[in-house]
2 protein chains.
Amino acid sequence: MTDNIFDFIGGDNGQWRILSITTVIGATLEFTSHLKITESTTAKCNSGLWVLKGLRSNLRYTEKEEKERLTAIQADLGRPESTRAALIPIRKSEAWWTLAQDERRKIFETKSNHTETGLKYLPAVARKLYHCRDIGEPFDFLTWFEYSPEDSELFEELVNNLRKTEEWKYVDREVDIRLTRI
Amino acid sequence: MTDNIFDFIGGDNGQWRILSITTVIGATLEFTSHLKITESTTAKCNSGLWVLKGLRSNLRYTEKEEKERLTAIQADLGRPESTRAALIPIRKSEAWWTLAQDERRKIFETKSNHTETGLKYLPAVARKLYHCRDIGEPFDFLTWFEYSPEDSELFEELVNNLRKTEEWKYVDREVDIRLTRI
């Protein structure tokens, strides 16, 4: 067992009840009633209607000053009042992945304010990124958000702001799963 | 089967005969006579005395202008005259991985000239990087080099130059495996 690899299992049981599965762009995911999140390995395959595997890794674009601000304000997952969550798996186009590091950074932050936008909604919206592009998965990232019902509108604003950015033009598959803690 | 994940299998058969296994820093790898490289998956575990799994991914530090120069001059693996190879698995310390992207880039290139040094030895020394930090492997990277016997001295110069850099102070495990094509 590693401590950085997780399975997100769509099935008939789990810690989260699925409220909706909306396809933003590209192929959808089949509707299931529950989501279970469990520590895993690259080798281990848990069963469900679908399983998305993702791994926690180091930050790829965040600069020192941004990282310090994030660290100062960031919220942990699992806060009791954060009974709402969103799992948003996304895939980016080949055009994104053939860009050099400085080109991706420029689109990610200079043009799209990705980190700045995330900071604006902290600590209300806690967030965790899971990588999956390199391990043979259908998406490139699984983004996970937790917030309280009172902060639902704030969360909609965050997601809408991100979807309007230059960076999001490179997203060619996105599914938006909303959940409530059981 | 994915096309970006590979197993490097140390055992009694394979396309490459092992000439030497030298421990530069940290724990060693047991000596075997041969190395087999095969396409794999994260799940599949091939057998041998040891197996190192690595994946090809996007460039993490290379900027646009550097990428263009690399693309213009880079050499493919598998050139018939490149009968010598080196497999150098390395691991970097936690201190490296907690640095922000701009801090790592500064050490990698501004202070250590990593890309510039690689460019200097192209096309003589072909090179491929495999990532393995995030998938529960003992090393962070597998670096693979191919060159002709006539370029052996050039290759020693390249490796020595990299090991003298600021970046290499963050390397806490390194094994140097030299091979000849069968």
# chains A, B, ... in the order shown; residues from 1 in each chain; ligands from 1
>>> calpha_fit_and_write(fixed="chain A", moving="chain B", output="PDB file with C-alpha atoms, in the first residue's frame")
ATOM      1  CA  MET B   1       0.031  -0.043  -0.054  1.00  0.00           C
ATOM      2  CA  THR B   2       1.319   3.423  -0.908  1.00  0.00           C
ATOM      3  CA  ASP B   3      -0.026   6.534   0.812  1.00  0.00           C
ATOM      4  CA  ASN B   4      -0.411   8.704  -2.283  1.00  0.00           C
ATOM      5  CA  ILE B   5      -2.524   6.561  -4.623  1.00  0.00           C
ATOM      6  CA  PHE B   6      -6.309   6.461  -4.300  1.00  0.00           C
ATOM      7  CA  ASP B   7      -9.234   4.759  -6.014  1.00  0.00           C
ATOM      8  CA  PHE B   8     -12.463   6.683  -6.564  1.00  0.00           C
ATOM      9  CA  ILE B   9     -15.055   3.934  -6.937  1.00  0.00           C
ATOM     10  CA  GLY B  10     -18.492   4.625  -8.370  1.00  0.00           C
ATOM     11  CA  GLY B  11     -20.881   1.905  -7.118  1.00  0.00           C
ATOM     12  CA  ASP B  12     -23.667   1.155  -4.667  1.00  0.00           C
ATOM     13  CA  ASN B  13     -21.794   1.981  -1.464  1.00  0.00           C
ATOM     14  CA  GLY B  14     -19.297   4.476  -0.063  1.00  0.00           C
ATOM     15  CA  GLN B  15     -18.831   7.502   2.192  1.00  0.00           C
ATOM     16  CA  TRP B  16     -20.476   9.829  -0.326  1.00  0.00           C
ATOM     17  CA  ARG B  17     -23.907   9.782  -1.995  1.00  0.00           C
ATOM     18  CA  ILE B  18     -23.896  11.046  -5.557  1.00  0.00           C
ATOM     19  CA  LEU B  19     -26.377  13.866  -6.237  1.00  0.00           C
ATOM     20  CA  SER B  20     -25.630  14.369  -9.922  1.00  0.00           C
ATOM     21  CA  ILE B  21     -23.233  13.478 -12.716  1.00  0.00           C
ATOM     22  CA  THR B  22     -23.081  16.139 -15.426  1.00  0.00           C
ATOM     23  CA  THR B  23     -20.997  15.891 -18.562  1.00  0.00           C
ATOM     24  CA  VAL B  24     -19.373  19.233 -19.344  1.00  0.00           C
ATOM     25  CA  ILE B  25     -17.449  18.082 -22.437  1.00  0.00           C
ATOM     26  CA  GLY B  26     -16.558  14.720 -23.978  1.00  0.00           C
ATOM     27  CA  ALA B  27     -17.692  11.245 -22.962  1.00  0.00           C
ATOM     28  CA  THR B  28     -19.763  10.903 -19.795  1.00  0.00           C
ATOM     29  CA  LEU B  29     -19.506   8.524 -16.825  1.00  0.00           C
ATOM     30  CA  GLU B  30     -22.382   6.213 -16.010  1.00  0.00           C
ATOM     31  CA  PHE B  31     -24.579   7.294 -13.099  1.00  0.00           C
ATOM     32  CA  THR B  32     -24.048   5.450  -9.815  1.00  0.00           C
ATOM     33  CA  SER B  33     -25.577   6.127  -6.405  1.00  0.00           C
ATOM     34  CA  HIS B  34     -22.423   6.228  -4.295  1.00  0.00           C
ATOM     35  CA  LEU B  35     -18.723   7.030  -4.333  1.00  0.00           C
ATOM     36  CA  LYS B  36     -16.144   5.247  -2.232  1.00  0.00           C
ATOM     37  CA  ILE B  37     -12.636   6.681  -1.884  1.00  0.00           C
ATOM     38  CA  THR B  38      -9.949   4.288  -0.751  1.00  0.00           C
ATOM     39  CA  GLU B  39      -6.169   4.099  -0.506  1.00  0.00           C
ATOM     40  CA  SER B  40      -4.850   1.885  -3.251  1.00  0.00           C
ATOM     41  CA  THR B  41      -1.808   1.014  -5.327  1.00  0.00           C
ATOM     42  CA  THR B  42      -1.145   1.317  -9.028  1.00  0.00           C
ATOM     43  CA  ALA B  43      -1.592  -2.440  -9.291  1.00  0.00           C
ATOM     44  CA  LYS B  44      -4.737  -2.913  -7.236  1.00  0.00           C
ATOM     45  CA  CYS B  45      -8.044  -2.559  -9.041  1.00  0.00           C
ATOM     46  CA  ASN B  46     -11.102  -2.137  -6.882  1.00  0.00           C
ATOM     47  CA  SER B  47     -14.470  -2.983  -8.364  1.00  0.00           C
ATOM     48  CA  GLY B  48     -17.499  -0.792  -8.955  1.00  0.00           C
ATOM     49  CA  LEU B  49     -19.417   0.420 -11.967  1.00  0.00           C
ATOM     50  CA  TRP B  50     -16.321   2.514 -12.607  1.00  0.00           C
ATOM     51  CA  VAL B  51     -13.022   3.145 -10.835  1.00  0.00           C
ATOM     52  CA  LEU B  52     -10.879   6.243 -11.313  1.00  0.00           C
ATOM     53  CA  LYS B  53      -7.354   5.992  -9.981  1.00  0.00           C
ATOM     54  CA  GLY B  54      -5.383   9.112  -9.060  1.00  0.00           C
ATOM     55  CA  LEU B  55      -2.224   9.988  -7.215  1.00  0.00           C
ATOM     56  CA  ARG B  56      -1.151  12.892  -5.063  1.00  0.00           C
ATOM     57  CA  SER B  57       2.104  14.426  -6.276  1.00  0.00           C
ATOM     58  CA  ASN B  58       4.218  17.547  -5.951  1.00  0.00           C
ATOM     59  CA  LEU B  59       2.923  20.898  -7.223  1.00  0.00           C
ATOM     60  CA  ARG B  60       3.808  21.425 -10.887  1.00  0.00           C
ATOM     61  CA  TYR B  61       3.241  25.177 -11.437  1.00  0.00           C
ATOM     62  CA  THR B  62       3.043  26.833  -8.034  1.00  0.00           C
ATOM     63  CA  GLU B  63       5.833  29.307  -7.256  1.00  0.00           C
ATOM     64  CA  LYS B  64       7.382  29.959  -3.858  1.00  0.00           C
ATOM     65  CA  GLU B  65       5.340  32.998  -2.904  1.00  0.00           C
ATOM     66  CA  GLU B  66       2.083  31.364  -4.047  1.00  0.00           C
ATOM     67  CA  LYS B  67       2.965  28.181  -2.193  1.00  0.00           C
ATOM     68  CA  GLU B  68       3.519  30.120   1.028  1.00  0.00           C
ATOM     69  CA  ARG B  69       0.147  31.825   0.696  1.00  0.00           C
ATOM     70  CA  LEU B  70      -1.539  28.491  -0.063  1.00  0.00           C
ATOM     71  CA  THR B  71       0.103  26.816   2.927  1.00  0.00           C
ATOM     72  CA  ALA B  72      -0.952  29.655   5.220  1.00  0.00           C
ATOM     73  CA  ILE B  73      -4.625  29.522   4.258  1.00  0.00           C
ATOM     74  CA  GLN B  74      -5.314  26.034   2.921  1.00  0.00           C
ATOM     75  CA  ALA B  75      -8.032  23.850   4.455  1.00  0.00           C
ATOM     76  CA  ASP B  76      -7.859  20.138   5.202  1.00  0.00           C
ATOM     77  CA  LEU B  77     -10.247  17.611   3.762  1.00  0.00           C
ATOM     78  CA  GLY B  78     -12.677  15.965   6.177  1.00  0.00           C
ATOM     79  CA  ARG B  79     -13.954  19.025   8.072  1.00  0.00           C
ATOM     80  CA  PRO B  80     -17.247  17.954   9.713  1.00  0.00           C
ATOM     81  CA  GLU B  81     -19.151  20.944   8.284  1.00  0.00           C
ATOM     82  CA  SER B  82     -17.935  20.198   4.740  1.00  0.00           C
ATOM     83  CA  THR B  83     -20.753  17.835   3.838  1.00  0.00           C
ATOM     84  CA  ARG B  84     -20.782  18.750   0.149  1.00  0.00           C
ATOM     85  CA  ALA B  85     -18.198  17.691  -2.365  1.00  0.00           C
ATOM     86  CA  ALA B  86     -17.456  17.753  -6.075  1.00  0.00           C
ATOM     87  CA  LEU B  87     -15.344  15.285  -8.021  1.00  0.00           C
ATOM     88  CA  ILE B  88     -14.406  16.813 -11.370  1.00  0.00           C
ATOM     89  CA  PRO B  89     -12.294  14.535 -13.568  1.00  0.00           C
ATOM     90  CA  ILE B  90     -10.734  16.404 -16.487  1.00  0.00           C
ATOM     91  CA  ARG B  91      -8.566  15.584 -19.474  1.00  0.00           C
ATOM     92  CA  LYS B  92      -6.487  18.110 -21.393  1.00  0.00           C
ATOM     93  CA  SER B  93      -5.733  17.991 -25.113  1.00  0.00           C
ATOM     94  CA  GLU B  94      -2.473  16.905 -26.748  1.00  0.00           C
ATOM     95  CA  ALA B  95      -1.940  20.586 -27.621  1.00  0.00           C
ATOM     96  CA  TRP B  96      -1.609  21.307 -23.898  1.00  0.00           C
ATOM     97  CA  TRP B  97       0.807  18.488 -23.227  1.00  0.00           C
ATOM     98  CA  THR B  98       3.159  19.381 -26.069  1.00  0.00           C
ATOM     99  CA  LEU B  99       3.610  22.894 -24.669  1.00  0.00           C
ATOM    100  CA  ALA B 100       6.833  23.604 -22.766  1.00  0.00           C
ATOM    101  CA  GLN B 101       6.783  24.220 -19.007  1.00  0.00           C
ATOM    102  CA  ASP B 102       6.973  28.040 -19.302  1.00  0.00           C
ATOM    103  CA  GLU B 103       4.164  28.078 -21.895  1.00  0.00           C
ATOM    104  CA  ARG B 104       1.908  25.968 -19.660  1.00  0.00           C
ATOM    105  CA  ARG B 105       2.738  28.084 -16.616  1.00  0.00           C
ATOM    106  CA  LYS B 106       1.893  31.263 -18.575  1.00  0.00           C
ATOM    107  CA  ILE B 107      -1.530  29.933 -19.553  1.00  0.00           C
ATOM    108  CA  PHE B 108      -2.161  28.371 -16.127  1.00  0.00           C
ATOM    109  CA  GLU B 109      -1.369  31.432 -14.050  1.00  0.00           C
ATOM    110  CA  THR B 110      -0.494  34.600 -15.985  1.00  0.00           C
ATOM    111  CA  LYS B 111      -3.509  34.303 -18.289  1.00  0.00           C
ATOM    112  CA  SER B 112      -5.905  32.139 -16.241  1.00  0.00           C
ATOM    113  CA  ASN B 113      -5.119  33.003 -12.593  1.00  0.00           C
ATOM    114  CA  HIS B 114      -5.611  29.385 -11.591  1.00  0.00           C
ATOM    115  CA  THR B 115      -3.827  29.595  -8.218  1.00  0.00           C
ATOM    116  CA  GLU B 116      -5.117  33.116  -7.523  1.00  0.00           C
ATOM    117  CA  THR B 117      -8.689  31.960  -8.126  1.00  0.00           C
ATOM    118  CA  GLY B 118      -8.250  28.962  -5.827  1.00  0.00           C
ATOM    119  CA  LEU B 119      -6.777  31.214  -3.123  1.00  0.00           C
ATOM    120  CA  LYS B 120      -9.792  33.539  -3.319  1.00  0.00           C
ATOM    121  CA  TYR B 121     -12.115  30.713  -2.228  1.00  0.00           C
ATOM    122  CA  LEU B 122      -9.926  29.398   0.573  1.00  0.00           C
ATOM    123  CA  PRO B 123     -10.508  28.274   3.256  1.00  0.00           C
ATOM    124  CA  ALA B 124     -14.211  27.856   2.329  1.00  0.00           C
ATOM    125  CA  VAL B 125     -13.507  25.411  -0.497  1.00  0.00           C
ATOM    126  CA  ALA B 126     -10.915  22.760   0.353  1.00  0.00           C
ATOM    127  CA  ARG B 127      -9.269  21.203  -2.643  1.00  0.00           C
ATOM    128  CA  LYS B 128      -7.071  18.263  -3.572  1.00  0.00           C
ATOM    129  CA  LEU B 129      -5.586  17.372  -6.941  1.00  0.00           C
ATOM    130  CA  TYR B 130      -4.956  13.802  -8.071  1.00  0.00           C
ATOM    131  CA  HIS B 131      -2.831  13.060 -11.157  1.00  0.00           C
ATOM    132  CA  CYS B 132      -3.681  10.198 -13.509  1.00  0.00           C
ATOM    133  CA  ARG B 133      -2.448  11.041 -17.013  1.00  0.00           C
ATOM    134  CA  ASP B 134       0.697   8.935 -16.835  1.00  0.00           C
ATOM    135  CA  ILE B 135      -0.802   5.752 -15.421  1.00  0.00           C
ATOM    136  CA  GLY B 136      -3.085   4.690 -18.261  1.00  0.00           C
ATOM    137  CA  GLU B 137      -6.258   6.325 -16.921  1.00  0.00           C
ATOM    138  CA  PRO B 138      -9.012   7.921 -19.057  1.00  0.00           C
ATOM    139  CA  PHE B 139      -8.614  11.350 -17.393  1.00  0.00           C
ATOM    140  CA  ASP B 140      -5.506  13.478 -16.714  1.00  0.00           C
ATOM    141  CA  PHE B 141      -6.621  14.793 -13.312  1.00  0.00           C
ATOM    142  CA  LEU B 142      -9.230  14.170 -10.667  1.00  0.00           C
ATOM    143  CA  THR B 143     -10.040  17.385  -8.827  1.00  0.00           C
ATOM    144  CA  TRP B 144     -11.768  17.009  -5.485  1.00  0.00           C
ATOM    145  CA  PHE B 145     -13.473  19.836  -3.584  1.00  0.00           C
ATOM    146  CA  GLU B 146     -15.150  19.888  -0.139  1.00  0.00           C
ATOM    147  CA  TYR B 147     -17.314  22.697   1.224  1.00  0.00           C
ATOM    148  CA  SER B 148     -20.307  23.354   3.460  1.00  0.00           C
ATOM    149  CA  PRO B 149     -23.857  23.677   2.042  1.00  0.00           C
ATOM    150  CA  GLU B 150     -23.707  27.407   2.922  1.00  0.00           C
ATOM    151  CA  ASP B 151     -20.717  27.787   0.612  1.00  0.00           C
ATOM    152  CA  SER B 152     -22.382  26.081  -2.365  1.00  0.00           C
ATOM    153  CA  GLU B 153     -22.843  29.339  -4.248  1.00  0.00           C
ATOM    154  CA  LEU B 154     -19.229  30.290  -3.665  1.00  0.00           C
ATOM    155  CA  PHE B 155     -18.215  26.954  -5.109  1.00  0.00           C
ATOM    156  CA  GLU B 156     -20.343  27.491  -8.241  1.00  0.00           C
ATOM    157  CA  GLU B 157     -18.617  30.834  -8.701  1.00  0.00           C
ATOM    158  CA  LEU B 158     -15.171  29.180  -8.406  1.00  0.00           C
ATOM    159  CA  VAL B 159     -16.006  26.501 -10.969  1.00  0.00           C
ATOM    160  CA  ASN B 160     -17.562  28.994 -13.374  1.00  0.00           C
ATOM    161  CA  ASN B 161     -14.544  31.274 -13.119  1.00  0.00           C
ATOM    162  CA  LEU B 162     -12.141  28.439 -13.909  1.00  0.00           C
ATOM    163  CA  ARG B 163     -14.218  27.241 -16.864  1.00  0.00           C
ATOM    164  CA  LYS B 164     -14.074  30.687 -18.480  1.00  0.00           C
ATOM    165  CA  THR B 165     -10.264  30.759 -18.527  1.00  0.00           C
ATOM    166  CA  GLU B 166      -7.769  30.374 -21.366  1.00  0.00           C
ATOM    167  CA  GLU B 167      -6.535  27.203 -19.617  1.00  0.00           C
ATOM    168  CA  TRP B 168      -9.957  25.562 -19.913  1.00  0.00           C
ATOM    169  CA  LYS B 169      -9.814  25.804 -23.722  1.00  0.00           C
ATOM    170  CA  TYR B 170      -7.393  22.893 -23.465  1.00  0.00           C
ATOM    171  CA  VAL B 171      -9.865  20.725 -21.510  1.00  0.00           C
ATOM    172  CA  ASP B 172     -11.350  18.150 -23.896  1.00  0.00           C
ATOM    173  CA  ARG B 173     -13.138  15.919 -21.382  1.00  0.00           C
ATOM    174  CA  GLU B 174     -14.778  17.016 -18.147  1.00  0.00           C
ATOM    175  CA  VAL B 175     -17.390  15.390 -15.948  1.00  0.00           C
ATOM    176  CA  ASP B 176     -18.833  17.146 -12.901  1.00  0.00           C
ATOM    177  CA  ILE B 177     -19.963  14.886 -10.043  1.00  0.00           C
ATOM    178  CA  ARG B 178     -21.674  16.438  -7.020  1.00  0.00           C
ATOM    179  CA  LEU B 179     -21.909  14.589  -3.737  1.00  0.00           C
ATOM    180  CA  THR B 180     -23.130  14.758  -0.173  1.00  0.00           C
ATOM    181  CA  ARG B 181     -21.480  13.056   2.778  1.00  0.00           C
ATOM    182  CA  ILE B 182     -23.380  10.135   4.343  1.00  0.00           C
TER     183      ILE B 182
END
>>> select_by_dssp(residues="region 40-93 of chain A", states="strand (DSSP E or B)", output="PyMOL selection string")
chain A and resi 50-55+84-92
>>> select_by_dssp(residues="chain B", states="alpha helix (DSSP H)", output="ChimeraX atom specification")
/B:64-73,94-97,101-105,114-120,152-163
>>> decode(residues="region 23-44 of chain B", atoms="N, CA and C atoms", output="compact mmCIF listing (two decimals), in the first residue's frame")
# COMPACT_ATOMS: atom_id res chain seq x y z
N THR B 23 27.40 1.68 -7.00
CA THR B 23 26.56 2.52 -6.15
C THR B 23 27.23 3.86 -5.94
N VAL B 24 26.57 4.93 -6.32
CA VAL B 24 27.14 6.27 -6.16
C VAL B 24 26.80 6.79 -4.76
N ILE B 25 25.53 6.64 -4.37
CA ILE B 25 25.11 7.04 -3.02
C ILE B 25 23.86 6.24 -2.63
N GLY B 26 23.77 5.88 -1.36
CA GLY B 26 22.59 5.15 -0.88
C GLY B 26 22.67 3.65 -1.14
N ALA B 27 21.56 2.98 -0.98
CA ALA B 27 21.51 1.52 -1.11
C ALA B 27 21.79 1.08 -2.54
N THR B 28 22.46 -0.05 -2.69
CA THR B 28 22.83 -0.55 -4.01
C THR B 28 21.72 -1.40 -4.60
N LEU B 29 21.94 -1.90 -5.81
CA LEU B 29 21.09 -2.91 -6.44
C LEU B 29 21.95 -4.15 -6.62
N GLU B 30 21.36 -5.31 -6.47
CA GLU B 30 22.12 -6.55 -6.60
C GLU B 30 22.62 -6.73 -8.04
N PHE B 31 23.81 -7.30 -8.19
CA PHE B 31 24.35 -7.50 -9.53
C PHE B 31 23.59 -8.59 -10.27
N THR B 32 23.24 -8.31 -11.52
CA THR B 32 22.66 -9.34 -12.40
C THR B 32 23.42 -9.27 -13.71
N SER B 33 23.29 -10.30 -14.55
CA SER B 33 24.08 -10.34 -15.78
C SER B 33 23.43 -9.58 -16.93
N HIS B 34 22.10 -9.48 -16.90
CA HIS B 34 21.40 -8.91 -18.05
C HIS B 34 20.30 -7.93 -17.64
N LEU B 35 19.93 -7.09 -18.60
CA LEU B 35 18.79 -6.19 -18.40
C LEU B 35 17.83 -6.36 -19.57
N LYS B 36 16.58 -6.54 -19.23
CA LYS B 36 15.53 -6.59 -20.25
C LYS B 36 14.63 -5.38 -20.05
N ILE B 37 14.32 -4.69 -21.16
CA ILE B 37 13.41 -3.54 -21.09
C ILE B 37 12.16 -3.92 -21.86
N THR B 38 11.01 -3.77 -21.22
CA THR B 38 9.78 -4.19 -21.88
C THR B 38 8.63 -3.24 -21.57
N GLU B 39 7.75 -3.06 -22.56
CA GLU B 39 6.54 -2.27 -22.31
C GLU B 39 5.73 -2.95 -21.22
N SER B 40 5.07 -2.19 -20.40
CA SER B 40 4.38 -2.76 -19.26
C SER B 40 3.12 -1.96 -18.94
N THR B 41 2.61 -2.16 -17.76
CA THR B 41 1.52 -1.34 -17.23
C THR B 41 1.88 -1.04 -15.79
N THR B 42 1.10 -0.19 -15.13
CA THR B 42 1.38 0.02 -13.72
C THR B 42 1.07 -1.25 -12.93
N ALA B 43 0.11 -2.02 -13.41
CA ALA B 43 -0.34 -3.19 -12.67
C ALA B 43 0.60 -4.39 -12.86
N LYS B 44 1.12 -4.55 -14.06
CA LYS B 44 1.86 -5.75 -14.40
C LYS B 44 3.24 -5.75 -13.74
